[in-house]
$ cat target.txt   # compact mmCIF, C-alpha atoms
# COMPACT_ATOMS: atom_id res chain seq x y z
CA MET A 28 126.26 21.74 -9.97
CA SER A 29 127.22 18.13 -9.26
CA ALA A 30 128.39 15.82 -12.03
CA ASN A 31 125.12 13.87 -11.98
CA SER A 32 122.62 16.72 -11.74
CA LYS A 33 120.82 18.56 -14.53
CA TRP A 34 121.77 22.16 -15.32
CA THR A 35 118.89 24.57 -14.62
CA ALA A 36 118.30 28.31 -14.35
CA ALA A 37 119.31 28.00 -10.69
CA ASP A 38 122.87 27.33 -11.91
CA VAL A 39 123.18 30.76 -13.57
CA PRO A 40 125.79 32.57 -11.47
CA ASP A 41 125.50 36.14 -10.25
CA GLN A 42 125.50 38.54 -13.20
CA THR A 43 125.83 41.81 -11.29
CA GLY A 44 127.80 44.38 -13.29
CA ARG A 45 127.39 42.58 -16.60
CA VAL A 46 125.65 44.10 -19.62
CA ALA A 47 123.69 41.69 -21.82
CA ILE A 48 122.20 42.63 -25.20
CA ILE A 49 119.62 40.13 -26.45
CA THR A 50 117.99 40.31 -29.87
CA GLY A 51 114.35 39.30 -30.27
CA SER A 52 113.80 39.32 -26.53
CA ASN A 53 110.24 40.61 -26.15
CA THR A 54 108.82 37.09 -26.40
CA GLY A 55 109.68 33.38 -26.39
CA LEU A 56 113.22 32.16 -25.81
CA GLY A 57 114.71 35.64 -25.82
CA TYR A 58 112.30 36.85 -23.17
CA ASP A 59 113.01 33.93 -20.87
CA THR A 60 116.74 34.42 -21.38
CA ALA A 61 116.38 38.10 -20.49
CA LEU A 62 114.20 37.33 -17.48
CA ILE A 63 116.75 35.01 -15.89
CA LEU A 64 119.76 37.24 -16.60
CA ALA A 65 117.94 40.28 -15.18
CA SER A 66 116.94 38.28 -12.11
CA ARG A 67 120.63 37.53 -11.52
CA GLY A 68 121.58 41.19 -11.63
CA ALA A 69 122.60 41.76 -15.25
CA ARG A 70 121.79 45.00 -17.01
CA VAL A 71 119.66 43.61 -19.84
CA VAL A 72 118.97 45.34 -23.14
CA LEU A 73 116.00 44.05 -25.12
CA ALA A 74 117.00 44.71 -28.74
CA VAL A 75 113.69 44.39 -30.58
CA ARG A 76 111.89 45.50 -33.72
CA ASP A 77 108.62 46.35 -31.94
CA THR A 78 109.45 48.70 -29.07
CA ASP A 79 105.89 48.68 -27.73
CA LYS A 80 106.18 44.93 -27.21
CA GLY A 81 109.69 45.47 -25.89
CA ASN A 82 108.49 47.95 -23.30
CA ALA A 83 105.72 45.57 -22.26
CA ALA A 84 108.26 42.76 -21.87
CA ALA A 85 110.55 45.01 -19.83
CA ALA A 86 107.63 45.88 -17.57
CA ARG A 87 106.84 42.20 -17.06
CA ILE A 88 110.45 41.49 -16.08
CA VAL A 89 110.54 44.38 -13.61
CA GLY A 90 107.16 43.30 -12.27
CA ALA A 91 108.54 39.83 -11.58
CA HIS A 92 111.87 41.14 -10.26
CA PRO A 93 111.53 44.65 -8.80
CA GLY A 94 114.79 46.50 -9.19
CA ALA A 95 115.74 44.65 -12.36
CA ASP A 96 117.72 46.81 -14.79
CA VAL A 97 116.07 46.46 -18.21
CA ALA A 98 116.25 48.76 -21.23
CA VAL A 99 114.72 48.58 -24.71
CA GLN A 100 116.65 49.23 -27.92
CA PRO A 101 114.99 49.54 -31.35
CA LEU A 102 116.56 47.06 -33.78
CA ASP A 103 115.31 45.69 -37.08
CA LEU A 104 117.65 42.89 -38.17
CA GLY A 105 116.04 43.03 -41.61
CA SER A 106 117.51 46.48 -42.25
CA LEU A 107 121.24 47.19 -42.42
CA GLN A 108 120.50 50.86 -41.79
CA SER A 109 118.60 50.00 -38.61
CA ILE A 110 121.44 47.71 -37.51
CA ARG A 111 124.03 50.46 -38.00
CA THR A 112 121.92 53.03 -36.17
CA SER A 113 121.17 50.66 -33.33
CA ALA A 114 124.80 49.57 -33.02
CA GLU A 115 126.00 53.18 -32.75
CA GLU A 116 123.44 53.91 -30.04
CA LEU A 117 124.33 50.74 -28.14
CA LYS A 118 128.09 51.41 -28.35
CA THR A 119 127.56 54.90 -26.95
CA ALA A 120 125.21 53.79 -24.18
CA TYR A 121 127.19 50.70 -23.20
CA PRO A 122 130.97 51.13 -23.51
CA ARG A 123 131.23 47.73 -21.81
CA ILE A 124 129.29 44.82 -23.32
CA ASP A 125 129.65 41.44 -21.61
CA LEU A 126 127.10 39.39 -23.51
CA LEU A 127 125.71 39.65 -27.01
CA ILE A 128 123.02 37.02 -27.52
CA ASN A 129 121.98 36.66 -31.16
CA ASN A 130 118.58 35.12 -30.51
CA ALA A 131 116.07 36.68 -32.92
CA GLY A 132 114.90 34.49 -35.75
CA VAL A 133 112.47 33.97 -38.59
CA MET A 134 111.23 30.48 -39.48
CA TYR A 135 109.48 29.06 -42.55
CA PRO A 136 107.79 32.15 -44.08
CA SER A 137 105.82 31.37 -47.20
CA PRO A 138 105.80 32.65 -49.88
CA ARG A 139 109.38 33.90 -50.15
CA GLN A 140 109.94 37.22 -48.41
CA THR A 141 112.88 39.61 -48.36
CA THR A 142 114.52 42.04 -45.97
CA LYS A 143 114.70 45.78 -46.67
CA ASP A 144 118.06 45.11 -48.36
CA ASP A 145 116.52 42.43 -50.59
CA PHE A 146 118.06 39.43 -48.83
CA GLU A 147 115.95 36.29 -48.43
CA LEU A 148 114.23 36.91 -45.11
CA GLN A 149 115.56 33.96 -43.13
CA PHE A 150 119.18 34.19 -44.30
CA GLY A 151 119.06 37.99 -44.11
CA THR A 152 117.64 38.13 -40.58
CA ASN A 153 118.97 35.01 -38.90
CA HIS A 154 122.51 35.20 -40.28
CA LEU A 155 123.40 38.42 -42.09
CA GLY A 156 121.63 40.69 -39.59
CA HIS A 157 123.43 39.10 -36.66
CA PHE A 158 126.73 39.00 -38.56
CA ALA A 159 126.49 42.75 -39.10
CA LEU A 160 125.37 43.54 -35.56
CA THR A 161 128.13 41.46 -33.98
CA GLY A 162 130.80 43.03 -36.15
CA LEU A 163 129.62 46.54 -35.31
CA LEU A 164 129.47 45.89 -31.54
CA LEU A 165 132.58 43.75 -31.18
CA GLU A 166 134.98 46.51 -30.21
CA ASN A 167 132.91 47.07 -27.04
CA LEU A 168 133.19 43.36 -26.20
CA LEU A 169 136.87 42.77 -26.92
CA PRO A 170 138.30 44.65 -23.91
CA VAL A 171 135.89 42.92 -21.50
CA GLU A 172 137.32 39.87 -19.78
CA GLY A 173 134.90 36.96 -20.02
CA SER A 174 132.71 38.54 -22.70
CA ARG A 175 130.77 36.22 -24.98
CA VAL A 176 128.88 36.16 -28.26
CA VAL A 177 126.17 33.49 -28.18
CA THR A 178 124.29 32.72 -31.39
CA VAL A 179 121.14 30.62 -31.38
CA SER A 180 121.09 27.93 -34.06
CA SER A 181 118.75 24.94 -34.46
CA VAL A 182 118.68 21.20 -35.05
CA GLY A 183 117.32 22.46 -38.36
CA HIS A 184 120.89 23.17 -39.44
CA ARG A 185 121.01 19.48 -40.38
CA ILE A 186 118.17 19.91 -42.91
CA ILE A 187 120.54 21.19 -45.55
CA ALA A 188 123.82 19.71 -46.71
CA LYS A 189 125.53 22.92 -47.78
CA ILE A 190 125.48 26.68 -48.11
CA HIS A 191 123.96 27.46 -51.53
CA PHE A 192 126.55 29.94 -52.74
CA ASP A 193 125.18 29.56 -56.28
CA ASP A 194 121.73 30.76 -55.12
CA LEU A 195 122.31 32.17 -51.64
CA GLN A 196 119.04 34.10 -51.51
CA PHE A 197 116.94 31.29 -53.01
CA ASP A 198 116.02 33.56 -55.92
CA ARG A 199 115.71 30.75 -58.45
CA SER A 200 113.97 28.12 -56.37
CA TYR A 201 112.56 28.94 -52.93
CA ASN A 202 112.09 26.21 -50.36
CA ARG A 203 111.24 27.68 -46.96
CA VAL A 204 112.54 24.67 -45.02
CA ALA A 205 115.83 24.56 -46.92
CA ALA A 206 116.24 28.33 -46.57
CA TYR A 207 115.71 28.07 -42.82
CA GLY A 208 118.20 25.21 -42.59
CA GLN A 209 120.78 27.25 -44.51
CA SER A 210 120.36 30.21 -42.14
CA LYS A 211 120.84 28.00 -39.08
CA LEU A 212 123.85 26.24 -40.62
CA ALA A 213 125.25 29.70 -41.29
CA ASN A 214 124.74 30.61 -37.60
CA LEU A 215 127.01 27.73 -36.58
CA MET A 216 129.62 28.37 -39.25
CA PHE A 217 129.70 32.01 -38.20
CA THR A 218 130.23 31.00 -34.56
CA TYR A 219 133.09 28.62 -35.34
CA GLU A 220 134.82 31.05 -37.70
CA LEU A 221 134.39 33.93 -35.24
CA GLN A 222 135.91 31.85 -32.45
CA ARG A 223 138.89 30.97 -34.63
CA ARG A 224 139.46 34.64 -35.41
CA LEU A 225 139.01 35.64 -31.77
CA GLY A 226 141.37 32.94 -30.60
CA GLY A 227 144.36 34.55 -32.19
CA HIS A 228 143.43 38.06 -31.14
CA ASN A 229 141.88 38.21 -27.71
CA GLU A 230 141.56 35.52 -25.08
CA GLY A 231 138.87 37.45 -23.25
CA THR A 232 136.03 37.15 -25.77
CA ILE A 233 134.63 33.81 -26.89
CA ALA A 234 131.93 32.75 -29.37
CA LEU A 235 129.49 29.96 -28.60
CA ALA A 236 126.25 28.56 -30.01
CA ALA A 237 123.11 26.99 -28.62
CA HIS A 238 119.86 25.52 -29.81
CA PRO A 239 116.53 25.23 -27.97
CA GLY A 240 115.33 21.86 -29.23
CA PHE A 241 111.63 21.90 -30.04
CA SER A 242 110.14 24.78 -28.07
CA ASP A 243 106.61 26.15 -28.11
CA THR A 244 107.25 29.73 -29.22
CA GLU A 245 105.86 32.17 -31.79
CA LEU A 246 108.29 30.74 -34.35
CA MET A 247 106.00 27.74 -34.57
CA ARG A 248 103.27 29.84 -36.24
CA HIS A 249 104.81 29.07 -39.65
CA LEU A 250 104.80 25.30 -39.21
CA PRO A 251 102.63 23.42 -41.73
CA GLY A 252 99.02 23.41 -40.52
CA VAL A 253 98.90 19.66 -39.96
CA LEU A 254 101.79 19.89 -37.49
CA GLN A 255 100.61 22.85 -35.44
CA PRO A 256 98.19 20.86 -33.21
CA LEU A 257 101.11 18.63 -32.20
CA THR A 258 103.27 21.50 -30.98
CA PRO A 259 101.83 21.78 -27.43
CA LEU A 260 102.04 17.99 -27.07
CA VAL A 261 105.70 17.48 -27.92
CA ALA A 262 107.34 20.89 -27.47
CA GLN A 263 108.90 22.10 -24.26
CA ILE A 264 108.08 25.46 -22.71
CA PRO A 265 110.22 28.46 -23.71
CA ALA A 266 111.79 28.61 -20.25
CA MET A 267 113.33 25.17 -20.91
CA GLY A 268 114.24 26.07 -24.47
CA ALA A 269 116.17 29.08 -23.18
CA LEU A 270 118.42 27.00 -20.93
CA PRO A 271 121.02 26.06 -23.59
CA THR A 272 121.43 29.75 -24.42
CA LEU A 273 121.74 30.64 -20.74
CA ARG A 274 124.32 27.96 -20.18
CA ALA A 275 126.37 29.09 -23.18
CA ALA A 276 126.16 32.65 -21.88
CA THR A 277 126.99 32.04 -18.22
CA ASP A 278 128.51 28.65 -17.43
CA PRO A 279 132.02 29.36 -16.09
CA THR A 280 133.27 26.07 -17.56
CA ALA A 281 132.17 26.87 -21.13
CA HIS A 282 134.75 27.27 -23.89
CA GLY A 283 134.81 29.02 -27.23
CA ALA A 284 133.00 27.10 -30.01
CA ASP A 285 130.99 25.04 -27.50
CA TYR A 286 127.51 24.21 -28.77
CA TYR A 287 124.73 23.56 -26.23
CA GLY A 288 121.40 21.83 -26.75
CA PRO A 289 118.86 19.71 -24.85
CA ASP A 290 119.95 16.31 -23.53
CA GLY A 291 116.75 14.43 -24.47
CA ILE A 292 116.08 12.07 -27.38
CA GLY A 293 116.93 13.76 -30.66
CA GLU A 294 117.88 16.90 -28.74
CA THR A 295 114.23 17.94 -28.92
CA ARG A 296 113.80 18.66 -25.22
CA GLY A 297 115.56 18.39 -21.88
CA HIS A 298 118.34 20.06 -19.95
CA PRO A 299 121.33 21.69 -21.65
CA LYS A 300 124.55 19.88 -22.42
CA ILE A 301 127.29 20.16 -25.02
CA VAL A 302 126.03 18.65 -28.28
CA LYS A 303 127.54 18.01 -31.70
CA SER A 304 126.74 19.83 -34.91
CA SER A 305 126.88 18.42 -38.42
CA ALA A 306 130.17 17.60 -40.09
CA GLN A 307 129.35 20.22 -42.71
CA SER A 308 129.21 22.96 -40.07
CA HIS A 309 132.91 22.35 -39.26
CA ASP A 310 134.19 22.79 -42.83
CA GLN A 311 136.70 25.61 -42.42
CA ASP A 312 136.93 26.40 -46.13
CA ILE A 313 133.19 26.97 -46.34
CA GLN A 314 133.22 28.93 -43.06
CA GLY A 315 135.81 31.26 -44.52
CA ARG A 316 133.95 31.65 -47.79
CA LEU A 317 130.70 32.40 -45.96
CA TRP A 318 132.51 35.01 -43.85
CA THR A 319 133.87 36.76 -46.93
CA VAL A 320 130.48 36.75 -48.65
CA SER A 321 128.82 38.05 -45.47
CA GLU A 322 131.27 40.94 -45.29
CA GLU A 323 130.59 41.79 -48.93
CA LEU A 324 126.80 41.65 -48.55
CA THR A 325 126.60 43.63 -45.29
CA GLY A 326 129.53 46.00 -45.80
CA VAL A 327 130.66 45.16 -42.26
CA THR A 328 134.25 44.12 -41.54
CA TYR A 329 135.41 42.95 -38.15
CA PRO A 330 138.03 44.68 -35.94
CA LEU A 331 140.12 41.51 -35.73

$ encode --input "target.txt" --output "structure tokens"
Amino acid sequence: MSANSKWTAADVPDQTGRVAIITGSNTGLGYDTALILASRGARVVLAVRDTDKGNAAAARIVGAHPGADVAVQPLDLGSLQSIRTSAEELKTAYPRIDLLINNAGVMYPSPRQTTKDDFELQFGTNHLGHFALTGLLLENLLPVEGSRVVTVSSVGHRIIAKIHFDDLQFDRSYNRVAAYGQSKLANLMFTYELQRRLGGHNEGTIALAAHPGFSDTELMRHLPGVLQPLTPLVAQIPAMGALPTLRAATDPTAHGADYYGPDGIGETRGHPKIVKSSAQSHDQDIQGRLWTVSEELTGVTYPL
């Protein structure tokens, strides 16, 4: 890619021999991420809650790219038991993991909902579920040169000024927008803290983050009703929204703790570039505290 050109799916290098596990990949951003990686030769694992939808997505990918190597793995990020079971099966099936893409997400459910472990649904799924899964799979990534953990955040991480340690699960006062913002801020803090811990342990594995801007996916179904008619007018298609994730996962020039998002106005749409996250997201004391709390809540400690 030249210095003046826009990064596109055509810039994804050959992925032959690489194993990529992508959560929430039967639809939307995850599906388009899986489609491109499979088309470049990666062995792609669709880690999804609904395996019927996962199998249908795998069939669509193979239909578009005959010979693509796609598998489906049951995974419910709202259940720590499911995460542990899935992680054990994945570690056995794939001794080498090159890419773990933490893509699945829940946005704006109302009224307040909880995971099977009684965590607030957005924090429990978007952050704690991926925290646990990453920790359980990491030993299969660490020996692999060039392996990456990519976690999908959102411009919504700027909605909230802090992690609400005094009411982490929004038990006392639930605000679906604030709860979503907290989960996406946690995604970034997790990425930065993971990279710092990886940096002193293994130069081969790096942690990065990405956000899709405003993309027309199933996540939008929870937007307030007055906003939903505007979605097709201002949102970009999922294939564009997936590009920041793909760049974080495959760009040879990427570094640990890089954060990719669209290059358009307000980072709502466009081609992927390195973008900045909020000052709050870089607070190392809060990152460390969130890490400790996440270990306590999930029971997962990292092999670092």

$ residues_around --input "target.txt" --residues "Arg123 in chain A" --least-positions-apart "3" --cutoff "9 Å" --atoms "only C-alpha atoms" --output "number ranges by chain"
A: 45-46, 118, 120, 167-168, 170-171

$ atom_distance --input "target.txt" --atom1 "CA of Ala266 in chain A" --atom2 "CA of Ser109 in chain A"
29.0 Å

$ closest_residue --input "target.txt" --among "A:Asp96, A:Asp125, A:Glu220, A:Glu147" --to "Arg203 in chain A" --atoms "only C-alpha atoms"
A:Glu147

$ atom_distance --input "target.txt" --atom1 "CA of Lys189 in chain A" --atom2 "CA of Asn153 in chain A"
16.4 Å

$ closest_residue --input "target.txt" --among "A:Ala206, A:Gln263, A:Leu273, A:Leu126" --to "Ala234 in chain A" --atoms "all atoms listed in the file"
A:Leu126

$ residues_around --input "target.txt" --residues "His184 in chain A" --least-positions-apart "5" --cutoff "9 Å" --atoms "all atoms listed in the file" --output "JSON, numbers by chain"
{"A": [207, 208, 209, 210, 211, 212, 213, 214, 215, 304, 305, 308]}

$ residues_near_point --input "target.txt" --point "(125.7, 48.6, -30.1)" --cutoff "9 Å" --atoms "only C-alpha atoms" --output "ChimeraX atom specification"
/A:48,110-122,124,160-161,163-165,167

$ closest_residue --input "target.txt" --among "A:Tyr329, A:Trp34, A:Ala95, A:Leu317" --to "Gly288 in chain A" --atoms "only C-alpha atoms"
A:Trp34

$ residues_near_point --input "target.txt" --point "(109.6, 47.0, -25.8)" --cutoff "12 Å" --atoms "all atoms listed in the file" --output "list of chain:residue names"
A:Thr50, A:Gly51, A:Ser52, A:Asn53, A:Thr54, A:Tyr58, A:Val72, A:Leu73, A:Ala74, A:Val75, A:Arg76, A:Asp77, A:Thr78, A:Asp79, A:Lys80, A:Gly81, A:Asn82, A:Ala83, A:Ala84, A:Ala85, A:Ala86, A:Arg87, A:Ile88, A:Val97, A:Ala98, A:Val99, A:Gln100, A:Pro101, A:Leu102

$ atom_distance --input "target.txt" --atom1 "CA of Val89 in chain A" --atom2 "CA of Ala131 in chain A"
21.5 Å

$ closest_residue --input "target.txt" --among "A:Gln108, A:Thr272, A:Thr141, A:Gln196" --to "Gly57 in chain A" --atoms "all atoms listed in the file"
A:Thr272

$ closest_residue --input "target.txt" --among "A:Pro279, A:Leu155, A:Arg223, A:Gly105" --to "Val320 in chain A" --atoms "all atoms listed in the file"
A:Leu155

$ closest_residue --input "target.txt" --among "A:Asn202, A:Gly293, A:Pro299, A:Leu107" --to "Ala276 in chain A" --atoms "only C-alpha atoms"
A:Pro299

$ residues_around --input "target.txt" --residues "Arg296 in chain A" --least-positions-apart "5" --cutoff "7 Å" --atoms "all atoms listed in the file" --output "list in words"
Gly240, Phe241, Gln263, Pro289, Asp290 and Gly291 of chain A
